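**Q** I am sharing upload-v6.json, which consists of JSON, C-alpha atoms:
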[["chain", "number", "residue", "atom", "x", "y", "z"],
["A", 1, "MET", "CA", -95.29, -101.66, 20.33],
["A", 2, "PHE", "CA", -98.98, -102.62, 20.06],
["A", 3, "ILE", "CA", -101.28, -101.92, 23.03],
["A", 4, "ASP", "CA", -104.98, -102.71, 23.37],
["A", 5, "MET", "CA", -106.27, -99.97, 25.67],
["A", 6, "HIS", "CA", -109.78, -101.36, 26.17],
["A", 7, "VAL", "CA", -110.10, -104.90, 27.51],
["A", 8, "HIS", "CA", -112.61, -106.28, 30.01],
["A", 9, "PRO", "CA", -111.20, -109.29, 31.91],
["A", 10, "ALA", "CA", -114.48, -110.28, 33.61],
["A", 11, "PHE", "CA", -114.25, -113.84, 32.33],
["A", 12, "TYR", "CA", -110.55, -114.53, 32.86],
["A", 13, "GLU", "CA", -110.08, -117.80, 34.69],
["A", 14, "PRO", "CA", -107.95, -116.57, 37.64],
["A", 15, "ILE", "CA", -110.77, -114.34, 38.94],
["A", 16, "ASN", "CA", -113.57, -116.86, 38.37],
["A", 17, "ALA", "CA", -113.32, -119.51, 41.07],
["A", 18, "ASP", "CA", -114.93, -122.92, 40.51],
["A", 19, "THR", "CA", -117.09, -122.56, 43.64],
["A", 20, "GLU", "CA", -120.70, -121.70, 44.42],
["A", 21, "GLU", "CA", -119.66, -118.09, 45.04],
["A", 22, "GLY", "CA", -117.61, -118.10, 41.85],
["A", 23, "VAL", "CA", -120.58, -119.34, 39.82],
["A", 24, "ARG", "CA", -122.77, -116.62, 41.34],
["A", 25, "LYS", "CA", -120.24, -113.90, 40.50],
["A", 26, "GLU", "CA", -119.78, -115.22, 36.96],
["A", 27, "GLN", "CA", -123.54, -115.11, 36.36],
["A", 28, "LEU", "CA", -123.68, -111.56, 37.72],
["A", 29, "ARG", "CA", -120.97, -110.56, 35.27],
["A", 30, "HIS", "CA", -122.83, -112.12, 32.35],
["A", 31, "ASP", "CA", -126.04, -110.34, 33.33],
["A", 32, "VAL", "CA", -124.53, -106.91, 34.06],
["A", 33, "LEU", "CA", -122.33, -106.83, 30.97],
["A", 34, "ASP", "CA", -125.01, -108.41, 28.75],
["A", 35, "ILE", "CA", -122.45, -110.91, 27.49],
["A", 36, "HIS", "CA", -123.85, -114.43, 27.60],
["A", 37, "LEU", "CA", -121.94, -116.62, 25.15],
["A", 38, "ASN", "CA", -118.42, -116.19, 26.52],
["A", 39, "GLY", "CA", -116.98, -118.95, 28.65],
["A", 40, "ILE", "CA", -114.18, -118.71, 31.17],
["A", 41, "ALA", "CA", -110.85, -118.07, 29.45],
["A", 42, "PRO", "CA", -107.56, -119.56, 30.72],
["A", 43, "MET", "CA", -104.67, -117.14, 30.59],
["A", 44, "GLU", "CA", -103.00, -119.30, 27.93],
["A", 45, "HIS", "CA", -105.96, -118.52, 25.67],
["A", 46, "ILE", "CA", -105.63, -114.80, 26.36],
["A", 47, "PHE", "CA", -101.94, -114.86, 25.51],
["A", 48, "ASN", "CA", -102.64, -116.83, 22.32],
["A", 49, "GLN", "CA", -105.19, -114.19, 21.30],
["A", 50, "MET", "CA", -102.60, -111.50, 21.90],
["A", 51, "ALA", "CA", -100.05, -113.33, 19.75],
["A", 52, "CYS", "CA", -102.53, -113.79, 16.90],
["A", 53, "ALA", "CA", -103.38, -110.08, 16.94],
["A", 54, "GLY", "CA", -99.73, -109.02, 17.37],
["A", 55, "LEU", "CA", -100.46, -107.32, 20.70],
["A", 56, "ASP", "CA", -97.77, -106.62, 23.29],
["A", 57, "TYR", "CA", -99.96, -105.28, 26.12],
["A", 58, "LEU", "CA", -103.59, -105.36, 27.25],
["A", 59, "CYS", "CA", -105.07, -102.62, 29.43],
["A", 60, "LEU", "CA", -107.50, -104.33, 31.83],
["A", 61, "LEU", "CA", -110.53, -102.30, 32.93],
["A", 62, "PRO", "CA", -112.56, -102.99, 36.09],
["A", 63, "GLN", "CA", -116.22, -102.19, 36.74],
["A", 64, "ASP", "CA", -117.44, -100.86, 40.08],
["A", 65, "TYR", "CA", -121.21, -100.30, 40.20],
["A", 66, "ARG", "CA", -121.60, -100.88, 43.92],
["A", 67, "SER", "CA", -124.43, -98.40, 44.36],
["A", 68, "LYS", "CA", -126.50, -100.53, 41.96],
["A", 69, "TYR", "CA", -125.37, -104.09, 42.69],
["A", 70, "GLY", "CA", -123.79, -103.90, 46.14],
["A", 71, "GLU", "CA", -120.36, -105.06, 44.92],
["A", 72, "PRO", "CA", -117.89, -104.41, 42.11],
["A", 73, "ILE", "CA", -118.42, -106.46, 38.97],
["A", 74, "VAL", "CA", -114.64, -106.64, 38.58],
["A", 75, "SER", "CA", -112.73, -105.21, 41.53],
["A", 76, "ASN", "CA", -109.45, -103.32, 41.73],
["A", 77, "GLU", "CA", -107.93, -106.17, 43.71],
["A", 78, "GLU", "CA", -108.89, -108.63, 40.96],
["A", 79, "ILE", "CA", -107.25, -106.38, 38.36],
["A", 80, "ARG", "CA", -104.08, -106.26, 40.47],
["A", 81, "ARG", "CA", -104.12, -110.05, 40.80],
["A", 82, "LEU", "CA", -104.31, -110.47, 37.03],
["A", 83, "VAL", "CA", -101.58, -107.92, 36.33],
["A", 84, "ASP", "CA", -99.28, -109.66, 38.81],
["A", 85, "LEU", "CA", -99.59, -112.85, 36.73],
["A", 86, "ALA", "CA", -98.05, -111.14, 33.70],
["A", 87, "PRO", "CA", -96.76, -107.62, 34.44],
["A", 88, "ASP", "CA", -94.84, -107.65, 31.17],
["A", 89, "ARG", "CA", -98.12, -107.99, 29.21],
["A", 90, "LEU", "CA", -100.93, -106.55, 31.33],
["A", 91, "ILE", "CA", -101.71, -102.98, 32.45],
["A", 92, "GLY", "CA", -104.25, -102.46, 35.23],
["A", 93, "PHE", "CA", -106.74, -99.63, 35.73],
["A", 94, "ALA", "CA", -108.80, -98.87, 38.82],
["A", 95, "GLY", "CA", -112.55, -98.48, 39.11],
["A", 96, "VAL", "CA", -114.70, -96.66, 41.66],
["A", 97, "ASP", "CA", -118.38, -95.81, 42.00],
["A", 98, "PRO", "CA", -118.58, -92.00, 42.38],
["A", 99, "LEU", "CA", -121.88, -92.36, 44.23],
["A", 100, "GLU", "CA", -120.27, -94.29, 47.08],
["A", 101, "LYS", "CA", -119.07, -92.26, 50.09],
["A", 102, "ASP", "CA", -115.68, -94.02, 50.18],
["A", 103, "ALA", "CA", -115.00, -93.65, 46.45],
["A", 104, "ALA", "CA", -112.08, -91.23, 46.91],
["A", 105, "ASP", "CA", -110.47, -93.40, 49.58],
["A", 106, "THR", "CA", -110.91, -96.46, 47.37],
["A", 107, "LEU", "CA", -109.23, -94.69, 44.48],
["A", 108, "GLU", "CA", -106.33, -93.39, 46.54],
["A", 109, "TYR", "CA", -105.70, -96.95, 47.79],
["A", 110, "ALA", "CA", -105.80, -98.19, 44.19],
["A", 111, "PHE", "CA", -103.19, -95.63, 43.14],
["A", 112, "GLU", "CA", -101.01, -95.64, 46.26],
["A", 113, "VAL", "CA", -101.04, -99.33, 47.26],
["A", 114, "LEU", "CA", -102.27, -101.33, 44.26],
["A", 115, "LYS", "CA", -100.23, -99.14, 41.87],
["A", 116, "LEU", "CA", -102.88, -99.12, 39.17],
["A", 117, "LYS", "CA", -102.18, -96.94, 36.15],
["A", 118, "GLY", "CA", -105.41, -94.99, 35.73],
["A", 119, "LEU", "CA", -109.14, -94.86, 36.33],
["A", 120, "LYS", "CA", -112.11, -96.25, 34.37],
["A", 121, "LEU", "CA", -115.55, -94.66, 34.83],
["A", 122, "HIS", "CA", -118.84, -95.50, 33.09],
["A", 123, "PRO", "CA", -121.24, -92.52, 33.30],
["A", 124, "SER", "CA", -124.00, -94.38, 31.43],
["A", 125, "ALA", "CA", -124.03, -97.33, 33.83],
["A", 126, "GLN", "CA", -123.24, -95.28, 36.94],
["A", 127, "HIS", "CA", -125.79, -92.57, 36.04],
["A", 128, "PHE", "CA", -123.87, -89.31, 36.32],
["A", 129, "TYR", "CA", -122.88, -86.50, 33.99],
["A", 130, "PRO", "CA", -119.06, -86.42, 33.86],
["A", 131, "SER", "CA", -118.80, -82.62, 34.06],
["A", 132, "ASP", "CA", -121.13, -82.29, 37.06],
["A", 133, "GLU", "CA", -118.63, -82.26, 39.91],
["A", 134, "THR", "CA", -121.37, -81.80, 42.49],
["A", 135, "VAL", "CA", -122.26, -85.49, 42.09],
["A", 136, "GLY", "CA", -121.08, -87.75, 44.90],
["A", 137, "GLN", "CA", -117.29, -87.96, 45.16],
["A", 138, "LEU", "CA", -116.63, -86.89, 41.57],
["A", 139, "ALA", "CA", -114.68, -83.71, 42.35],
["A", 140, "ALA", "CA", -112.46, -85.56, 44.85],
["A", 141, "ILE", "CA", -111.92, -88.34, 42.32],
["A", 142, "TYR", "CA", -110.78, -85.88, 39.66],
["A", 143, "ASP", "CA", -108.54, -84.13, 42.19],
["A", 144, "LEU", "CA", -106.82, -87.45, 42.98],
["A", 145, "CYS", "CA", -106.28, -88.22, 39.30],
["A", 146, "GLU", "CA", -104.62, -84.84, 38.91],
["A", 147, "LYS", "CA", -102.58, -85.30, 42.10],
["A", 148, "TYR", "CA", -101.25, -88.69, 41.00],
["A", 149, "ARG", "CA", -101.14, -87.73, 37.30],
["A", 150, "LYS", "CA", -103.38, -90.63, 36.35],
["A", 151, "PRO", "CA", -105.56, -90.60, 33.21],
["A", 152, "ILE", "CA", -109.24, -91.51, 33.05],
["A", 153, "ILE", "CA", -110.89, -93.75, 30.47],
["A", 154, "PHE", "CA", -114.59, -92.87, 30.29],
["A", 155, "HIS", "CA", -117.17, -94.97, 28.58],
["A", 156, "SER", "CA", -118.73, -92.76, 25.91],
["A", 157, "GLY", "CA", -121.48, -93.28, 23.39],
["A", 158, "LEU", "CA", -123.53, -96.47, 23.13],
["A", 159, "SER", "CA", -123.46, -99.07, 25.89],
["A", 160, "TRP", "CA", -125.11, -102.48, 25.54],
["A", 161, "GLU", "CA", -125.16, -102.97, 29.28],
["A", 162, "PRO", "CA", -128.64, -103.04, 30.87],
["A", 163, "ASP", "CA", -129.73, -99.77, 32.51],
["A", 164, "ALA", "CA", -126.87, -97.89, 30.83],
["A", 165, "ILE", "CA", -128.35, -94.59, 29.64],
["A", 166, "SER", "CA", -126.57, -93.08, 26.65],
["A", 167, "LYS", "CA", -127.35, -89.44, 27.46],
["A", 168, "TYR", "CA", -124.81, -89.46, 30.31],
["A", 169, "SER", "CA", -121.98, -90.43, 27.95],
["A", 170, "ALA", "CA", -122.61, -88.26, 24.91],
["A", 171, "PRO", "CA", -119.27, -86.64, 23.97],
["A", 172, "LEU", "CA", -120.48, -83.07, 24.52],
["A", 173, "GLU", "CA", -121.09, -83.92, 28.18],
["A", 174, "PHE", "CA", -117.30, -84.11, 28.61],
["A", 175, "GLU", "CA", -116.43, -80.65, 27.28],
["A", 176, "GLU", "CA", -116.71, -78.72, 30.54],
["A", 177, "LEU", "CA", -114.48, -81.28, 32.28],
["A", 178, "ALA", "CA", -111.88, -81.09, 29.50],
["A", 179, "SER", "CA", -111.95, -77.30, 29.64],
["A", 180, "LYS", "CA", -111.84, -76.89, 33.44],
["A", 181, "ARG", "CA", -109.11, -79.49, 33.98],
["A", 182, "PRO", "CA", -106.66, -79.18, 31.07],
["A", 183, "GLY", "CA", -104.01, -81.18, 32.93],
["A", 184, "LEU", "CA", -106.31, -84.20, 33.26],
["A", 185, "LYS", "CA", -105.99, -86.68, 30.40],
["A", 186, "ILE", "CA", -109.30, -88.27, 29.47],
["A", 187, "CYS", "CA", -110.12, -90.90, 26.87],
["A", 188, "LEU", "CA", -113.56, -91.14, 25.25],
["A", 189, "ALA", "CA", -113.85, -94.88, 24.84],
["A", 190, "HIS", "CA", -115.54, -96.25, 21.71],
["A", 191, "PHE", "CA", -114.78, -92.90, 20.00],
["A", 192, "GLY", "CA", -118.13, -91.72, 21.40],
["A", 193, "TRP", "CA", -120.01, -93.73, 18.76],
["A", 194, "PRO", "CA", -122.41, -92.83, 17.22],
["A", 195, "TRP", "CA", -121.36, -89.22, 17.97],
["A", 196, "VAL", "CA", -117.94, -89.60, 16.39],
["A", 197, "GLN", "CA", -117.81, -86.12, 14.87],
["A", 198, "GLU", "CA", -118.55, -84.59, 18.25],
["A", 199, "ALA", "CA", -115.75, -86.69, 19.76],
["A", 200, "ALA", "CA", -113.40, -85.52, 17.00],
["A", 201, "MET", "CA", -114.40, -81.91, 17.67],
["A", 202, "LEU", "CA", -113.45, -82.25, 21.35],
["A", 203, "MET", "CA", -110.12, -83.83, 20.43],
["A", 204, "LEU", "CA", -109.38, -81.02, 17.99],
["A", 205, "LYS", "CA", -110.18, -78.36, 20.60],
["A", 206, "TYR", "CA", -108.69, -80.02, 23.69],
["A", 207, "PRO", "CA", -105.29, -81.76, 23.53],
["A", 208, "ASN", "CA", -106.06, -83.59, 26.80],
["A", 209, "VAL", "CA", -108.91, -85.51, 25.12],
["A", 210, "TYR", "CA", -108.14, -88.89, 23.53],
["A", 211, "ALA", "CA", -110.35, -91.59, 22.03],
["A", 212, "ASP", "CA", -110.04, -95.32, 21.52],
["A", 213, "THR", "CA", -111.17, -97.41, 18.57],
["A", 214, "GLY", "CA", -113.24, -99.98, 20.51],
["A", 215, "ILE", "CA", -116.28, -99.73, 18.21],
["A", 216, "LEU", "CA", -117.84, -102.53, 16.15],
["A", 217, "TYR", "CA", -121.62, -102.63, 16.25],
["A", 218, "PHE", "CA", -122.65, -103.55, 12.71],
["A", 219, "ASP", "CA", -121.16, -105.56, 9.84],
["A", 220, "ASN", "CA", -117.60, -106.79, 10.18],
["A", 221, "ALA", "CA", -114.60, -104.95, 11.52],
["A", 222, "TRP", "CA", -113.30, -103.75, 8.18],
["A", 223, "GLU", "CA", -116.69, -102.51, 6.94],
["A", 224, "PHE", "CA", -117.49, -100.73, 10.20],
["A", 225, "TYR", "CA", -114.08, -99.11, 10.53],
["A", 226, "ARG", "CA", -114.23, -98.01, 6.91],
["A", 227, "LYS", "CA", -117.64, -96.38, 7.51],
["A", 228, "VAL", "CA", -116.58, -94.61, 10.72],
["A", 229, "PHE", "CA", -113.00, -93.68, 9.87],
["A", 230, "THR", "CA", -113.24, -92.86, 6.17],
["A", 231, "GLN", "CA", -116.83, -91.58, 5.80],
["A", 232, "ASP", "CA", -118.19, -90.34, 9.16],
["A", 233, "ILE", "CA", -114.71, -89.03, 9.87],
["A", 234, "PRO", "CA", -112.43, -88.58, 6.83],
["A", 235, "VAL", "CA", -109.26, -90.56, 7.30],
["A", 236, "THR", "CA", -107.31, -87.34, 6.80],
["A", 237, "TRP", "CA", -108.77, -85.94, 10.04],
["A", 238, "ILE", "CA", -106.91, -88.62, 11.94],
["A", 239, "ASP", "CA", -103.84, -88.73, 9.73],
["A", 240, "ARG", "CA", -103.26, -84.96, 9.85],
["A", 241, "SER", "CA", -104.95, -83.51, 12.95],
["A", 242, "LEU", "CA", -105.88, -86.19, 15.51],
["A", 243, "ARG", "CA", -103.00, -88.61, 15.06],
["A", 244, "HIS", "CA", -101.58, -88.03, 18.56],
["A", 245, "GLN", "CA", -104.91, -88.59, 20.34],
["A", 246, "VAL", "CA", -106.26, -91.89, 18.98],
["A", 247, "MET", "CA", -105.47, -95.20, 20.68],
["A", 248, "PHE", "CA", -106.25, -98.74, 19.61],
["A", 249, "GLY", "CA", -108.93, -100.44, 21.70],
["A", 250, "SER", "CA", -110.90, -103.59, 21.03],
["A", 251, "ASN", "CA", -113.60, -103.74, 23.74],
["A", 252, "ASN", "CA", -112.72, -107.43, 24.06],
["A", 253, "PRO", "CA", -114.41, -109.83, 24.89],
["A", 254, "ARG", "CA", -117.40, -108.28, 23.13],
["A", 255, "PHE", "CA", -115.33, -108.02, 19.96],
["A", 256, "GLU", "CA", -112.37, -110.05, 18.72],
["A", 257, "GLN", "CA", -109.04, -108.27, 18.85],
["A", 258, "ILE", "CA", -107.53, -109.87, 15.76],
["A", 259, "ARG", "CA", -110.28, -108.64, 13.44],
["A", 260, "MET", "CA", -110.01, -105.08, 14.72],
["A", 261, "ALA", "CA", -106.22, -105.09, 14.68],
["A", 262, "ASP", "CA", -106.32, -106.19, 11.03],
["A", 263, "ALA", "CA", -108.98, -103.61, 10.15],
["A", 264, "ILE", "CA", -107.15, -100.64, 11.64],
["A", 265, "THR", "CA", -104.15, -101.30, 9.40],
["A", 266, "GLY", "CA", -106.26, -101.20, 6.23],
["A", 267, "LEU", "CA", -107.61, -97.67, 6.49],
["A", 268, "GLY", "CA", -104.84, -96.02, 4.45],
["A", 269, "LEU", "CA", -103.21, -94.24, 7.36],
["A", 270, "ARG", "CA", -99.53, -93.37, 7.18],
["A", 271, "ASP", "CA", -97.21, -95.86, 8.85],
["A", 272, "SER", "CA", -96.13, -93.21, 11.33],
["A", 273, "THR", "CA", -99.78, -92.57, 12.29],
["A", 274, "LEU", "CA", -100.40, -96.29, 12.73],
["A", 275, "GLU", "CA", -97.45, -96.52, 15.11],
["A", 276, "LEU", "CA", -98.93, -93.72, 17.19],
["A", 277, "ILE", "CA", -102.37, -95.36, 17.30],
["A", 278, "LYS", "CA", -101.04, -98.84, 18.01],
["A", 279, "GLY", "CA", -98.89, -97.88, 20.95],
["A", 280, "GLU", "CA", -97.04, -94.58, 21.15],
["A", 281, "ASN", "CA", -100.15, -92.56, 22.06],
["A", 282, "ALA", "CA", -101.06, -95.07, 24.76],
["A", 283, "VAL", "CA", -97.63, -94.75, 26.35],
["A", 284, "GLU", "CA", -98.02, -90.96, 26.37],
["A", 285, "PHE", "CA", -101.55, -91.22, 27.78],
["A", 286, "LEU", "CA", -100.37, -93.55, 30.55],
["A", 287, "GLY", "CA", -97.33, -91.48, 31.39],
["A", 288, "GLY", "CA", -95.07, -94.43, 30.55],
["A", 289, "LEU", "CA", -95.34, -98.18, 30.99]]
Taking this structure as input, can you express it in the form of C-alpha cells?

**A**
Amino acid sequence: MFIDMHVHPAFYEPINADTEEGVRKEQLRHDVLDIHLNGIAPMEHIFNQMACAGLDYLCLLPQDYRSKYGEPIVSNEEIRRLVDLAPDRLIGFAGVDPLEKDAADTLEYAFEVLKLKGLKLHPSAQHFYPSDETVGQLAAIYDLCEKYRKPIIFHSGLSWEPDAISKYSAPLEFEELASKRPGLKICLAHFGWPWVQEAAMLMLKYPNVYADTGILYFDNAWEFYRKVFTQDIPVTWIDRSLRHQVMFGSNNPRFEQIRMADAITGLGLRDSTLELIKGENAVEFLGGL
C-alpha cells in the first residue's frame, strides 16, 4: 500500500471548466498558489503519474480562503466530485476558513453529507495561530473533528503562497493544541520545514502528532531528503522513534511524486519502516480507508 497524503488537485481537468468562469477560476488558482507553469491535467495523466510512482491512493486537499478571496480556491464539493470519479484511488479532505461565521456548519456538512475523511487548514495563509481557540470558529471546528474522529492536516513551515506568513505555522505553535486535545490527530505537513527538529520534538512528545514528507525546496529530491532526513534529523530518529508518525506526502503539483517516492526509499530505512511511511501510518491516521 502506497499513499500520497499531500496532493493539491487545483489543476485537475474535471474541476476546471473550459468557460469564461472556468478560465477566471483557473487564473485565481495559479495566482493564489503561486504555481504558474502547470497546465490542466486530464485524469488519465494523474493516473499515469500514480502508476509511475507506484502509488495506490492520493489524498486530495482543498483550500478555503474565503475571508481573503471571497470564495474557496478548491471547494469541498469539487473534492467530492473528484473522489467520486475514482473512489478506489482518491481520498478527499475538507477545507474551511475558520474566520468565516459558517465555518463549523460547512465542516459538519462536509463530514456528514460529503463524507470527506478529514480537514485541511493553512494557518499561514488563513492568518491564525492553531492553538488560539478564541479565533473565529476554531474551537467549534476542533470539537467537530473530535466528534467525528476526523484528523487534521495543517500546513506547517514554509509556504510559497503569497501573503502566507510563516510565523503562524511554526511547529511550536501547535504544541498547546496537541497537549490540550490528545485525542485529535494532527499532521504537520512538510515536516515543518525548516523547523524539522522542532517538528520531531513534538512527534516524540505527543503520539497524536504526525508529519508528512512533502518537502523539496532546494536541489533534487534525493539530495534534499538526504540533508533533512540523515543530517538535520538522523535517519535513526525516524527508524527507531518516529516510525509510526511519518507519512509520505509529495505536495504535488509543486513537486513530482515519482522523484520523491524514489528518494524516500534510498534513505537506508528498514523495510518495515518504509511500509509504515508509505501507507500503514496513513491508514491509521485516517481511521481506515

**Q** Output, as JSON, the centre and edge lengths in Å (one decimal) of the axis-aligned box that contains all listed atoms of range 79-89 of chain A with 5 Å of margin on each side.

**A**
{"center_x": -101.0, "center_y": -109.6, "center_z": 35.0, "size_x": 22.4, "size_y": 16.6, "size_z": 21.6}

**Q** Using only C-alpha atoms, which residues sit within 10 Å of Thr236 in chain A once same-chain residues fewer than 4 positions away are excluded, as a count of residues only?

**A** 9

**Q** Would you pick out the contacts of Lys115 in chain A at 9 Å or less, using all atoms listed in the file, so that residues sharing its chain but fewer than 5 positions from it are not included, and give the list as a ChimeraX atom specification?

**A** /A:80,92-93,109-110

**Q** Could you tell me, as a PyMOL selection string, which residues have any atom at most 10 Å from (-113.0, -116.2, 33.8), counting all atoms listed in the file?

**A** chain A and resi 9-18+22+26+29+38-43

**Q** Can you work out which one of A:Ile73, A:Ala86, A:Val135, A:Leu172 has the shortest atom-to-atom distance to Glu44 in chain A, counting only C-alpha atoms?

**A**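 Smallest separation from Glu44 in chain A among the options: A:Ala86.
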
**Q** Kindly indicate which residue among A:Leu286, A:Ile238, A:Met260, A:Ala51 lies nearest to Tyr217 in chain A, using all atoms listed in the file for the distances.

**A**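 Result for the nearest residue to Tyr217 in chain A: A:Met260.
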
**Q** Skipping near chain neighbours, those fewer than 2 positions away, what residues fall within 12 Å of Glu161 in chain A using all atoms listed in the file, listed as a list of chain:residue names?

**A**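 Within the cut-off, the hits are A:Arg29, A:His30, A:Asp31, A:Val32, A:Leu33, A:Asp34, A:Ile35, A:His36, A:Gln63, A:Tyr65, A:His122, A:Pro123, A:Ser124, A:Ala125, A:Gln126, A:His155, A:Gly157, A:Leu158, A:Ser159, A:Asp163, A:Ala164, A:Ile165, A:Ser166, A:Arg254.
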
**Q** Interatomic distance between CA of Asn252 in chain A and CA of Gln27 in chain A?

**A**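 CA of Gln27 in chain A lies 18.1 Å from CA of Asn252 in chain A.
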
**Q** Leaving out Leu121 in chain A and any residue of its chain fewer than 6 positions from it, which residues lie within 8 Å of it when counting all atoms listed in the file, given as number ranges by chain?

**A** A: 63, 95-97, 152-155

**Q** What's the separation between CA of Gly266 in chain A and CA of Phe248 in chain A, in Å to one decimal place?

**A** 13.6 Å

**Q** Identify the residues within 10 Å of coordinate (-105.8, -79.7, 22.7) (same frame as the file), considering all atoms listed in the file, and give the answer as number ranges by chain.

**A** A: 178-179, 182, 202-210, 242, 245

**Q** Fewer than 4 positions away in the same chain doesn't count, so skip those; otherwise give me all residues within 7 Å of Pro62 in chain A, counting only C-alpha atoms, as a PyMOL selection string.

**A** chain A and resi 8+74-76+79+93-95+120

**Q** Would you mind telling me which residue in A:Asp232, A:Asp212, A:Asp84, A:Glu133 lies nearest to Ile3 in chain A when using only C-alpha atoms?

**A**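 Nearest candidate to Ile3 in chain A out of A:Asp232, A:Asp212, A:Asp84, A:Glu133: A:Asp212.
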
**Q** Of the residues A:Leu289, A:Val113, A:Met201, A:Ile258, which is the one nearest to Ala53 in chain A, using all atoms listed in the file?

**A** A:Ile258

**Q** Which residue, A:Gly288, A:Ala200, A:Phe191, A:Lys147, has the smallest gap to Gly249 in chain A when you use all atoms listed in the file?

**A**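 Looking at the shortest contact to Gly249 in chain A, the residue is A:Phe191.
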
**Q** Mind pulling up the distance from CA of Phe111 in chain A to CA of Arg149 in chain A?

**A**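 Taking CA of Arg149 in chain A as the start and CA of Phe111 in chain A as the end point, the length is 10.0 Å.
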
**Q** Compare A:Pro162, A:Cys145, A:Leu107, A:Phe224 by their minimum atom-to-atom distance to Lys68 in chain A, counting all atoms listed in the file, and give me the closest one.

**A** A:Pro162

**Q** Each residue of range 35-85 of chain A lying at most 12 Å from range 271-285 of chain A should get a row with its shortest atom-to-atom pair and the distance in Å to one decimal, counting all atoms listed in the file; could you produce that, ordered by chain and increasing number, as CSV?

**A**
residue,atom,partner,partner_atom,distance
A:Ala53,CA,A:Lys278,CA,11.5
A:Gly54,CA,A:Lys278,CA,10.3
A:Leu55,CA,A:Lys278,CA,8.9
A:Asp56,CA,A:Gly279,CA,9.1
A:Tyr57,CA,A:Gly279,CA,9.1
A:Leu58,CA,A:Gly279,CA,10.9
A:Cys59,CA,A:Ala282,CA,9.7
